[in-house]
Every structure is written in C-alpha cells, then in structure tokens.
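Read through the structure below, which is laid out as structure tokens, and then see the notes.
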Amino acid sequence: MKHLLTTEGIDPAQATAILDTAANLKQSLEGREVRKLPTLRGRTVITMFYENSTRTRVSFEIAGKWMSADVVNVSSSGSSVSKGESLRDTALTLAAAGADCVIVRHPASGAAHRLAGWLREAGTSVVNAGDGMHEHPTQALLDAATLRERLGDLRDRRIAIVGDVLHSRVARSNVHLLTALGADVTLVAPPTLLPTGVESWPVTVSHELDAELPSQDAVMLLRVQAERMHGGFFPSAREYSIAYGLSENRLKLLPEHAVVLHPGPMLRGMEIASAVADSPRAAITDQVRNGVHVRMAVLYHLLAHEEETP
Amino acid sequence: MRELATEQMNTSSPAISLILRGVRPYGEGDPVDVLIRDGVIAGIGGITEEADVVEGNGAVLLPGFVDLHTHLREPGREDTETIATGSAAAALGGYTAVFAMANTNPVADNEVVVQHVARRGREVGLVDVHPVGAVTVGLEGVKLAELGTMAKAGVRVFSDDGHCVHDPLIMRRALEYSRALGVVVAQHAEEPRLTVGAQAHEGEQASRLGLQGWPAAAEESIVARDCLLALHAGARLHVCHVSTTGTADVLRWAKARGTEVSAEVTPHHLLLTDDRLGTYDPVNKVNPPLRTAADVKVLREALAEGVIDCVATDHAPHAVQDKDCEWSAARPGMLGLQTALSIVVETMVNTGLLDWRGVARVMSERPAEIAGLPDQGRPIEVGEPANLTLVDPDASWTVRGAAFASIAANTPFEGMELPGAVVATLLRGRVTAVGGRIPA
C-alpha cells in the first residue's frame, strides 16, 4: 500500500489486515508503561491540517510518536500556507525536506488525490485525514475496529448511519468500508441531507429512524454542522432532534447488544442525548482510543510493510 | 451598428488572386478549382487563370467558422491569452470570426473597452474579433450597461457570461431594450441560488466524489424563464453553452411556440462526461459542468435537429497555477478553438448525425445569422466574400496543449487522437492559416 486516499474499492483482505494489525498493536501496548515501538525510527511523518481539528491531528501525532517516527505538524496558520503558497508548492517543499509520509486534512474534496499525484516522483506516501465532503478513511477504519471489538465479524451485521450523509466524508468512507467488510448499511436522513444518486449506493435508504432501530446491530450518528442548521436543510434543530436524534426513549428500540457510535465532536441534546452518549452502549471513547491504534497500523502498512501487502 | 464590420472590411484589401485547387465545396461532388480575387470568390470550376495555389487534394471547403463564445482574456489576463495569440488559435482552428466575451479586466461594459478589443483584433488581422458587451455594469447583474452606446460602437452580442443575469426584472429590461438596437442578449443560464459553491454536475459522480452539485435544473429553470420573458418582450434570446437534456426540451418547446430563441453547445459538452472527474484533475472543470452520457447523446441529437442552433467553443484559457491545484480552487474552463472542428467531426460527422452541409450550418451559417454578420457564413458562390475554411476529413492528429497557439495549454483533450484537420483558413481572400501554421 502506497497511499491511503479512500476506502472506495478497498480490498477486504487489505482492510482486514490493517484492522488485525491495529488489534495486535493495541494488545501489545496495553498495560505497558512505555508505549513506544521502534518500528518507524528514522521515518519522518508530516501532518498538514488545513482545517481545524483536534482529535484527528492529535491521534495521528500520537500514532506516529508511539511508532518512534519523527512527527512534524504543519497547520494553515503560522506557516507559508497563510502566505498564500499553493498546496502543490507546500507539498513539494515538505517532500523535499524529507517527509516519508504526508497526512493531509483539507477542505477541498480530492486534495489528497492531488497531493499523491504531485508527490509521485518524490515517492512520499499520502494519508487522507479528511478531504472536503469526500472521505475520511482512517475514521472509517477506527469505526470498523470498534465495531469488530463489540460485535466480532461484521459480515451481515446491520449498521445504520444517521444524519447529514450529504456533507459527510465519514459517511462516505464508512459506506465503502463497512459494505466491503460484508455489513448491511442503512442510511437514515431527511431527503435534503442525502446525496443525489444515493439509490446507486450499495445501501438501504430510510427517512424513518424509529422503523430502522429494532433491526440494527449498531447506530452511527453523524455530526450536524452548525452551518447546516441555518442552510435550510431542515426546519429547526428541534425538529431534527425529534425525528433523527438518538434520545433515551429511542435507545430502547435498539436490540440489547447494539452499539452506538459518534465520530465527534458531539452536539449533546441535538443528534444524541447526553445520557445515551454516556451510556455503556456508546463506544465513543473506544473510537478515540482505537483511532490511535488504527493510525499506527496505517503508518505501519504504508511505511514498514510495503513488500508484504498486495 | 455596422460601423465595426465596415472598418474591418476596409482594413484588409488583398489585390492578389489565389486558387484553391481540387476542393469539394460542402464535401459534395468532384473536386473543383476555386478562384479567389479581391477578397471574394471569383470563380468555381473552369479556372484558367494563373495564381498562387493552395492544394486541396479533395479537401472539404466550408464557409469560415464563426465562434459566438470565445474568451480572449485581453485586457487583464494577458499571461494566459492575448488577442494576438487567441486570433492565431482561431485562424488555425478554421475560424474567420470570433466573439470575445466581456468578462475581461476591466470588464467590456463600455465603449472604450469594446473599441479597444475591436481595434486590437483589426491590428492582428487574423480573424474578425467582435467584442461582446456586458449586459450589466461590471457583470454584477444590478444595473444595465450602456447597451446603446456599445451597439453604436459595433457590438452585436451582449452577455454577462461567467455570470447569469439572474434578476428576472433586469433580464426582462435587457431583452426589451435590446429590441430597439437589433442586438441579441446571450445568457449564461445558471440560477445562482441553486449553484452556491457548485463544483460538478449534481449526480452520482459528484455525490461519490464529495463535490458540491451543480443541478441541471439550475440551468433549465433560467432557460425556461428567459424563453418566457423573451416571448413576452418580443425580443431575441441566445442561450450560451447548453449542457442538459432538460434545456434541450425547453428549447424545443419554446421554439415551437414561436419564441425567437437560439442556442449553442460547446464541443466539450458534445464529447466529455462527468465520468472523467475521478482523478480530480481540474482540467475537466468547466462551467456549466460536464454532464452525463445521456445528456451528451441528447445534445448531439438536438444539434443535428436544429433545436440547438450552433457550436460555440467557450474557449477559456487559464494559467497553470489556476488549473494545477485542488479541484475547488481551480478556475472553470477549457481551450477550444483548435479542437472544435475535430470534435464536431468525431461526435457529429463520424456518427452520421451531420453531413458537411450540416457542419457549415452549425459552425458558420447559424452563428453568423444569430449575431447578424453580413459577410460571414455566406454560401460558397461566385461573388461571395472569401471567408473560407478548408478541411481534410481524413486526417487525424494527437492533441498536445503545448503545441497550441494559445499561451495557456489547459485542454481536456490532451493526448486524444481526433479526426479531421484544418488545411487552410481564408479571411476575405487572405490566407490566415495553412498547414497548421500562420503564414509570415
């Protein structure tokens, strides 16, 4: 594996290999006083974040450091980025400075694809840490890792993704990855928050959350971004919450074993009730914890494991 | 209003004779010799005179092409195209007249800028450069530009292209006012409220790629509205770069009920689809966006049928840094002047949808009529102005953006092998391009 740009068309064996590596890393680090492996010593990983992000950037940084890579963080303020340098020039500069891997978050869909093209000659690996409304592959991998911990094999498991699918890169990456792993995915949202042409996706589409909950093994709630609330996609936060929020009462409709996921940051009381977020059914802190191990696994497969992967 | 054309007629006064040897007007019949003298066609067949010769080898002789939609970028972005380089590209593409869009910097919304563009065109002298005037001041869609003053300076087509005249009242007034001037308003049909942040055709591809959708209805709703307004105002309307099935349907309906509406389609919308977007390479970014294969099929049929009147390039040069970047940061637009003919051959002639008479109609005659050019798009007959294009229908060539006359090289057709090539272009009897070169 040279880059991780998308989960679309991902080989299930490749995905499973990453998830297995993540599980092994987690196991081997658990309870250790010094959580550091020497695997990527001497390798340089640069994070380039053109959008505000705490959890993803920190998660990648910790993952790199636990693998003993040298991690350098570049953000869009306090660098040449704010002087108007193009993404292409910034990327070529960082590659020339010795980056083995560039992790990029960018508001433009396809930015990671473009970077991979520009860095082909330099041989630098690119990880997509979220590009516009397109994809967020490591989020999908950490979601899958969390679901596997709770549910085991995901084949034929039923997973509902609820909320702003239209603008969500988390939803796109999860649809590709979870269906590749054999899960049955249902998208639940008002028609205004579903993409045109969603009928052609390998999913079931529903506008009725209550009707779907009793048959699900997991529910993934998407964040409702503040700017959407005023964009006319739904009449009010109240109406959204009534129709699509996971309230305590609604939680009762889920089977006992079902898991609740949220990629964060959460809007408590809007898409998820506080009591639900804090309940043992919710795996939200597990998601964050697994995020580090999954990103370690991704870096391992990109930088230390090339010869053994397809 | 005719001032500009007259001036152009006077500036080139070739006294020499020229023979086009062995050419087939409209691709019909056996090859004949065509004599050009003093800028007009002086004889067809039976030529005994001695003169300079352009060898036709059976090539197809057509009236010179007329492009209603060209961005020459001067003044303002001379780093991407100038009137000189754009004129050369036009001549090499078989064009004898082009309409230079108004979205320059400064905007062509007054007689000073339009006269400057026309004068630079005359000085270069490779193609008749007709400035398009802006409909509204600064292309802002708020206040009508001085259409009458610009019409007096020779402007025949007005457009805010790049922007839609979206306010229905402003559009109504522009249509009404243009009636007295004998000019046509050309609309870039894009409802701005439906295309905020739009990046790609709203459909399966854009949804998959996470690109903000540009819905077909944003074009169709404006075309429908403008057809109703034009009929109500008794005015003529021209629709720029038709890109959707629904627009073709609306045009068919509007024409059937007597609306004076004409429409153009670009070569790229006749050939390319949004399937190309997966690489996120902005060379494929254009406005309106590339649509679906179903739309392409309908657009070709509508052009053949005459529901869409003509082909216009929307030739849009852009600098490397404005294209070799992330998709949403890139400017929309593609080069078109030097590939238009070949794409029409590929999509319309080789598919059997148009014969060479049909090519003459959509590339020359109809656009000349729409803009009211008296000396372009004329029949190939003795006594007619020698604005001609000679086409080798059997040639094929590989597109190389860097080899174009344009300064910019942003072509989505890079590396494609295309059929048909321009052998020579004649502007009032003078050879402006021959064998892929501009004569010294």
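The way I read the labels, and the way they are meant: chains A, B, ... in the order of the structure tokens, residue 1 as the first residue of every chain, and ligand 1 as the first ligand shown, with later ones counted on from there.
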
Could the residues of chain A within 8 Å of chain B, counting only C-alpha atoms, be given as a PDB file with C-alpha atoms, in the first residue's frame, please?
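Result written to selection-v6.pdb:
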```pdb
ATOM      1  CA  SER A  86      -0.262  26.738  -3.132  1.00  0.00           C
ATOM      2  CA  LEU A  87      -0.982  23.284  -1.783  1.00  0.00           C
ATOM      3  CA  ARG A  88       1.241  21.875  -4.507  1.00  0.00           C
ATOM      4  CA  ALA A 108     -11.228  20.626  -0.860  1.00  0.00           C
ATOM      5  CA  SER A 109     -12.573  17.229  -1.890  1.00  0.00           C
ATOM      6  CA  GLY A 110      -9.849  15.379  -3.759  1.00  0.00           C
ATOM      7  CA  ALA A 111      -6.972  17.329  -2.164  1.00  0.00           C
ATOM      8  CA  HIS A 113      -5.603  12.619  -4.515  1.00  0.00           C
ATOM      9  CA  ARG A 114      -3.975  15.685  -5.996  1.00  0.00           C
ATOM     10  CA  GLY A 132     -13.902  18.162   1.985  1.00  0.00           C
ATOM     11  CA  MET A 133     -17.111  16.182   1.650  1.00  0.00           C
ATOM     12  CA  HIS A 134     -15.294  13.232   0.109  1.00  0.00           C
ATOM     13  CA  GLU A 135     -13.679  10.775   2.507  1.00  0.00           C
ATOM     14  CA  LEU A 166     -24.795  14.616   2.097  1.00  0.00           C
ATOM     15  CA  HIS A 167     -21.894  16.591   3.534  1.00  0.00           C
ATOM     16  CA  ARG A 169     -16.881  12.326   4.488  1.00  0.00           C
ATOM     17  CA  ARG A 172     -18.831   8.014   2.518  1.00  0.00           C
ATOM     18  CA  PRO A 195     -26.764  12.879  -1.857  1.00  0.00           C
ATOM     19  CA  THR A 196     -28.276  12.868  -5.336  1.00  0.00           C
ATOM     20  CA  GLY A 197     -27.944   9.391  -6.788  1.00  0.00           C
ATOM     21  CA  VAL A 198     -27.781   7.648  -3.403  1.00  0.00           C
ATOM     22  CA  SER A 200     -26.977   3.659  -6.728  1.00  0.00           C
TER      23      SER A 200
END
```

Test item: residues at most 7 Å from region 331-338 of chain B, only C-alpha atoms, excluding those fewer than 5 positions along its chain, as an MDAnalysis selection string: chainID B and resid 89:90 92:93 285:287 313:317 322:323 410:412

Where does DSSP see strand (DSSP E or B) in region 243-310 of chain A, if you list the residues as an mmCIF file with C-alpha atoms, in the first residue's frame?
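Saved to selection.cif:
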```
data_model
loop_
_atom_site.group_PDB
_atom_site.id
_atom_site.type_symbol
_atom_site.label_atom_id
_atom_site.label_comp_id
_atom_site.auth_asym_id
_atom_site.auth_seq_id
_atom_site.Cartn_x
_atom_site.Cartn_y
_atom_site.Cartn_z
ATOM 1 C CA LEU A 246 -30.972 9.369 19.492
ATOM 2 C CA VAL A 259 -23.569 -0.292 19.727
ATOM 3 C CA VAL A 260 -23.824 3.484 19.449
ATOM 4 C CA LEU A 261 -21.043 5.327 17.605
ATOM 5 C CA ARG A 268 -25.366 16.693 23.021
ATOM 6 C CA ILE A 272 -27.528 12.399 20.683
ATOM 7 C CA ALA A 282 -21.966 4.071 23.439
#
```

Residue nearest Glu49 (chain B) - candidates B:Leu20, B:Glu74, B:Arg156, B:Tyr177, atoms counted: only C-alpha atoms: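 Closest candidate: B:Leu20.
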
Contact residues around Glu256 (chain A) with only C-alpha atoms at 12 Å, ignoring same-chain residues under 4 positions, as a ChimeraX atom specification: /A:151,213-218,251-252,260,280-282

Helix (DSSP H, G or I) call set, DSSP backbone run, region 161-294 of chain B, as an NGL selection string: :B and (168-179 or 192-194 or 204-209 or 216-233 or 245-256 or 267-271 or 274-279 or 282-284 or 293-294)

Those selected residues, please, written with C-alpha atoms and delivered as a PDB file, in the first residue's frame.
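What landed in result.pdb:
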```pdb
ATOM      1  CA  PRO B 168     -35.738  38.499 -13.747  1.00  0.00           C
ATOM      2  CA  LEU B 169     -36.529  42.199 -13.940  1.00  0.00           C
ATOM      3  CA  ILE B 170     -33.049  43.158 -15.166  1.00  0.00           C
ATOM      4  CA  MET B 171     -33.227  40.342 -17.731  1.00  0.00           C
ATOM      5  CA  ARG B 172     -36.628  41.494 -18.893  1.00  0.00           C
ATOM      6  CA  ARG B 173     -35.374  45.058 -19.325  1.00  0.00           C
ATOM      7  CA  ALA B 174     -32.252  43.902 -21.174  1.00  0.00           C
ATOM      8  CA  LEU B 175     -34.358  41.866 -23.588  1.00  0.00           C
ATOM      9  CA  GLU B 176     -36.823  44.697 -24.148  1.00  0.00           C
ATOM     10  CA  TYR B 177     -34.146  47.358 -24.550  1.00  0.00           C
ATOM     11  CA  SER B 178     -32.129  45.235 -26.991  1.00  0.00           C
ATOM     12  CA  ARG B 179     -35.092  45.115 -29.391  1.00  0.00           C
ATOM     13  CA  PRO B 192     -27.031  31.376  -8.612  1.00  0.00           C
ATOM     14  CA  ARG B 193     -29.026  30.331  -5.561  1.00  0.00           C
ATOM     15  CA  LEU B 194     -29.033  26.733  -6.815  1.00  0.00           C
ATOM     16  CA  GLU B 204     -23.799  10.071  -8.973  1.00  0.00           C
ATOM     17  CA  GLN B 205     -20.232  11.150  -9.723  1.00  0.00           C
ATOM     18  CA  ALA B 206     -20.339  14.374  -7.695  1.00  0.00           C
ATOM     19  CA  SER B 207     -22.015  12.560  -4.810  1.00  0.00           C
ATOM     20  CA  ARG B 208     -19.371   9.867  -4.798  1.00  0.00           C
ATOM     21  CA  LEU B 209     -16.515  12.362  -5.067  1.00  0.00           C
ATOM     22  CA  ALA B 216     -29.325  20.553 -14.246  1.00  0.00           C
ATOM     23  CA  ALA B 217     -32.421  22.382 -13.020  1.00  0.00           C
ATOM     24  CA  ALA B 218     -30.287  25.459 -12.247  1.00  0.00           C
ATOM     25  CA  GLU B 219     -29.702  25.827 -15.991  1.00  0.00           C
ATOM     26  CA  GLU B 220     -33.103  24.662 -17.174  1.00  0.00           C
ATOM     27  CA  SER B 221     -35.118  26.923 -14.873  1.00  0.00           C
ATOM     28  CA  ILE B 222     -33.310  30.041 -16.146  1.00  0.00           C
ATOM     29  CA  VAL B 223     -33.659  28.978 -19.800  1.00  0.00           C
ATOM     30  CA  ALA B 224     -37.377  28.382 -19.289  1.00  0.00           C
ATOM     31  CA  ARG B 225     -37.799  31.728 -17.538  1.00  0.00           C
ATOM     32  CA  ASP B 226     -35.831  33.594 -20.201  1.00  0.00           C
ATOM     33  CA  CYS B 227     -37.757  31.979 -23.051  1.00  0.00           C
ATOM     34  CA  LEU B 228     -40.981  33.159 -21.430  1.00  0.00           C
ATOM     35  CA  LEU B 229     -39.544  36.653 -20.932  1.00  0.00           C
ATOM     36  CA  ALA B 230     -38.222  36.842 -24.496  1.00  0.00           C
ATOM     37  CA  LEU B 231     -41.578  35.876 -25.955  1.00  0.00           C
ATOM     38  CA  HIS B 232     -43.319  38.356 -23.698  1.00  0.00           C
ATOM     39  CA  ALA B 233     -40.878  41.127 -24.620  1.00  0.00           C
ATOM     40  CA  THR B 245     -31.358  17.221 -21.597  1.00  0.00           C
ATOM     41  CA  GLY B 246     -33.937  19.423 -19.902  1.00  0.00           C
ATOM     42  CA  THR B 247     -32.625  22.572 -21.594  1.00  0.00           C
ATOM     43  CA  ALA B 248     -32.942  20.886 -24.987  1.00  0.00           C
ATOM     44  CA  ASP B 249     -36.543  20.018 -24.117  1.00  0.00           C
ATOM     45  CA  VAL B 250     -37.294  23.581 -23.014  1.00  0.00           C
ATOM     46  CA  LEU B 251     -35.770  24.987 -26.227  1.00  0.00           C
ATOM     47  CA  ARG B 252     -37.811  22.648 -28.391  1.00  0.00           C
ATOM     48  CA  TRP B 253     -40.955  23.736 -26.584  1.00  0.00           C
ATOM     49  CA  ALA B 254     -40.093  27.448 -26.726  1.00  0.00           C
ATOM     50  CA  LYS B 255     -39.272  27.365 -30.424  1.00  0.00           C
ATOM     51  CA  ALA B 256     -42.490  25.505 -31.168  1.00  0.00           C
ATOM     52  CA  PRO B 267     -17.566  20.798 -28.281  1.00  0.00           C
ATOM     53  CA  HIS B 268     -16.672  19.528 -24.801  1.00  0.00           C
ATOM     54  CA  HIS B 269     -20.320  19.029 -23.878  1.00  0.00           C
ATOM     55  CA  LEU B 270     -20.712  17.020 -27.084  1.00  0.00           C
ATOM     56  CA  LEU B 271     -17.890  14.641 -26.152  1.00  0.00           C
ATOM     57  CA  ASP B 274     -18.527  13.614 -15.643  1.00  0.00           C
ATOM     58  CA  ASP B 275     -17.041  10.114 -15.640  1.00  0.00           C
ATOM     59  CA  ARG B 276     -13.723  11.915 -16.093  1.00  0.00           C
ATOM     60  CA  LEU B 277     -13.849  13.578 -12.678  1.00  0.00           C
ATOM     61  CA  GLY B 278     -12.452  10.702 -10.600  1.00  0.00           C
ATOM     62  CA  THR B 279      -8.880  11.978 -10.906  1.00  0.00           C
ATOM     63  CA  PRO B 282      -9.289  20.394 -12.778  1.00  0.00           C
ATOM     64  CA  VAL B 283      -8.527  20.264 -16.493  1.00  0.00           C
ATOM     65  CA  ASN B 284     -12.020  18.725 -16.549  1.00  0.00           C
ATOM     66  CA  ALA B 293     -23.557  10.298 -21.195  1.00  0.00           C
ATOM     67  CA  ALA B 294     -27.350  10.586 -21.539  1.00  0.00           C
TER      68      ALA B 294
END
```

Atomic distance CA of Glu414 (chain B) - CA of Pro289 (chain B), expressed in Å with one decimal: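 Spanning CA of Glu414 (chain B) to CA of Pro289 (chain B) is a straight-line distance of 18.3 Å.
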
Shell around region 28-35 of chain B at 12 Å using only C-alpha atoms, local window under 5 positions removed, as number ranges by chain: B: 16-23, 40-62, 355-357, 380-386, 388, 390, 429

Test item: residues at most 9 Å from Met270 (chain A), only C-alpha atoms, excluding those fewer than 6 positions along its chain, as a list in words: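 Using only C-alpha atoms, the neighbours found are Val224, Ala237, Arg238, Tyr240, Ser241, Ile242, Tyr244, Gly245 and Leu246 of chain A.
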
Which of B:Leu72, B:Ala330, B:Val265, B:Met416 sits closest to Val307 (chain B) [using only C-alpha atoms]: B:Val265

Contacts of region 7-14 of chain A within 7 Å, only C-alpha atoms, excl. fewer than 3 positions in-chain, as a PyMOL selection string: chain A and resi 17-18+137+173+176-177+180-181

Close residues, region 130-146 of chain B itself excluded, 8 Å, only C-alpha atoms, min 2 positions apart in chain, as number ranges by chain: B: 97-103, 107-110, 114-115, 117-118, 121, 128, 148-150, 155-160, 163-167, 170, 174, 185

Atomic distance CA of Arg289 (chain A) - CA of His262 (chain A), expressed in Å with one decimal: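 About the pair CA of Arg289 (chain A) and CA of His262 (chain A): they are 13.2 Å apart.
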
Minimum-distance residue to Gly291 (chain A), chosen among A:Leu141, A:Met67, A:Leu94, A:Met1 (using only C-alpha atoms): A:Leu141

Nearest to Leu354 (chain B) by atom-to-atom distance, counting only C-alpha atoms, from B:Asp394, B:Asp375, B:Glu305, B:Glu191: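 The shortest atom-to-atom distance to Leu354 (chain B) comes from B:Glu305.
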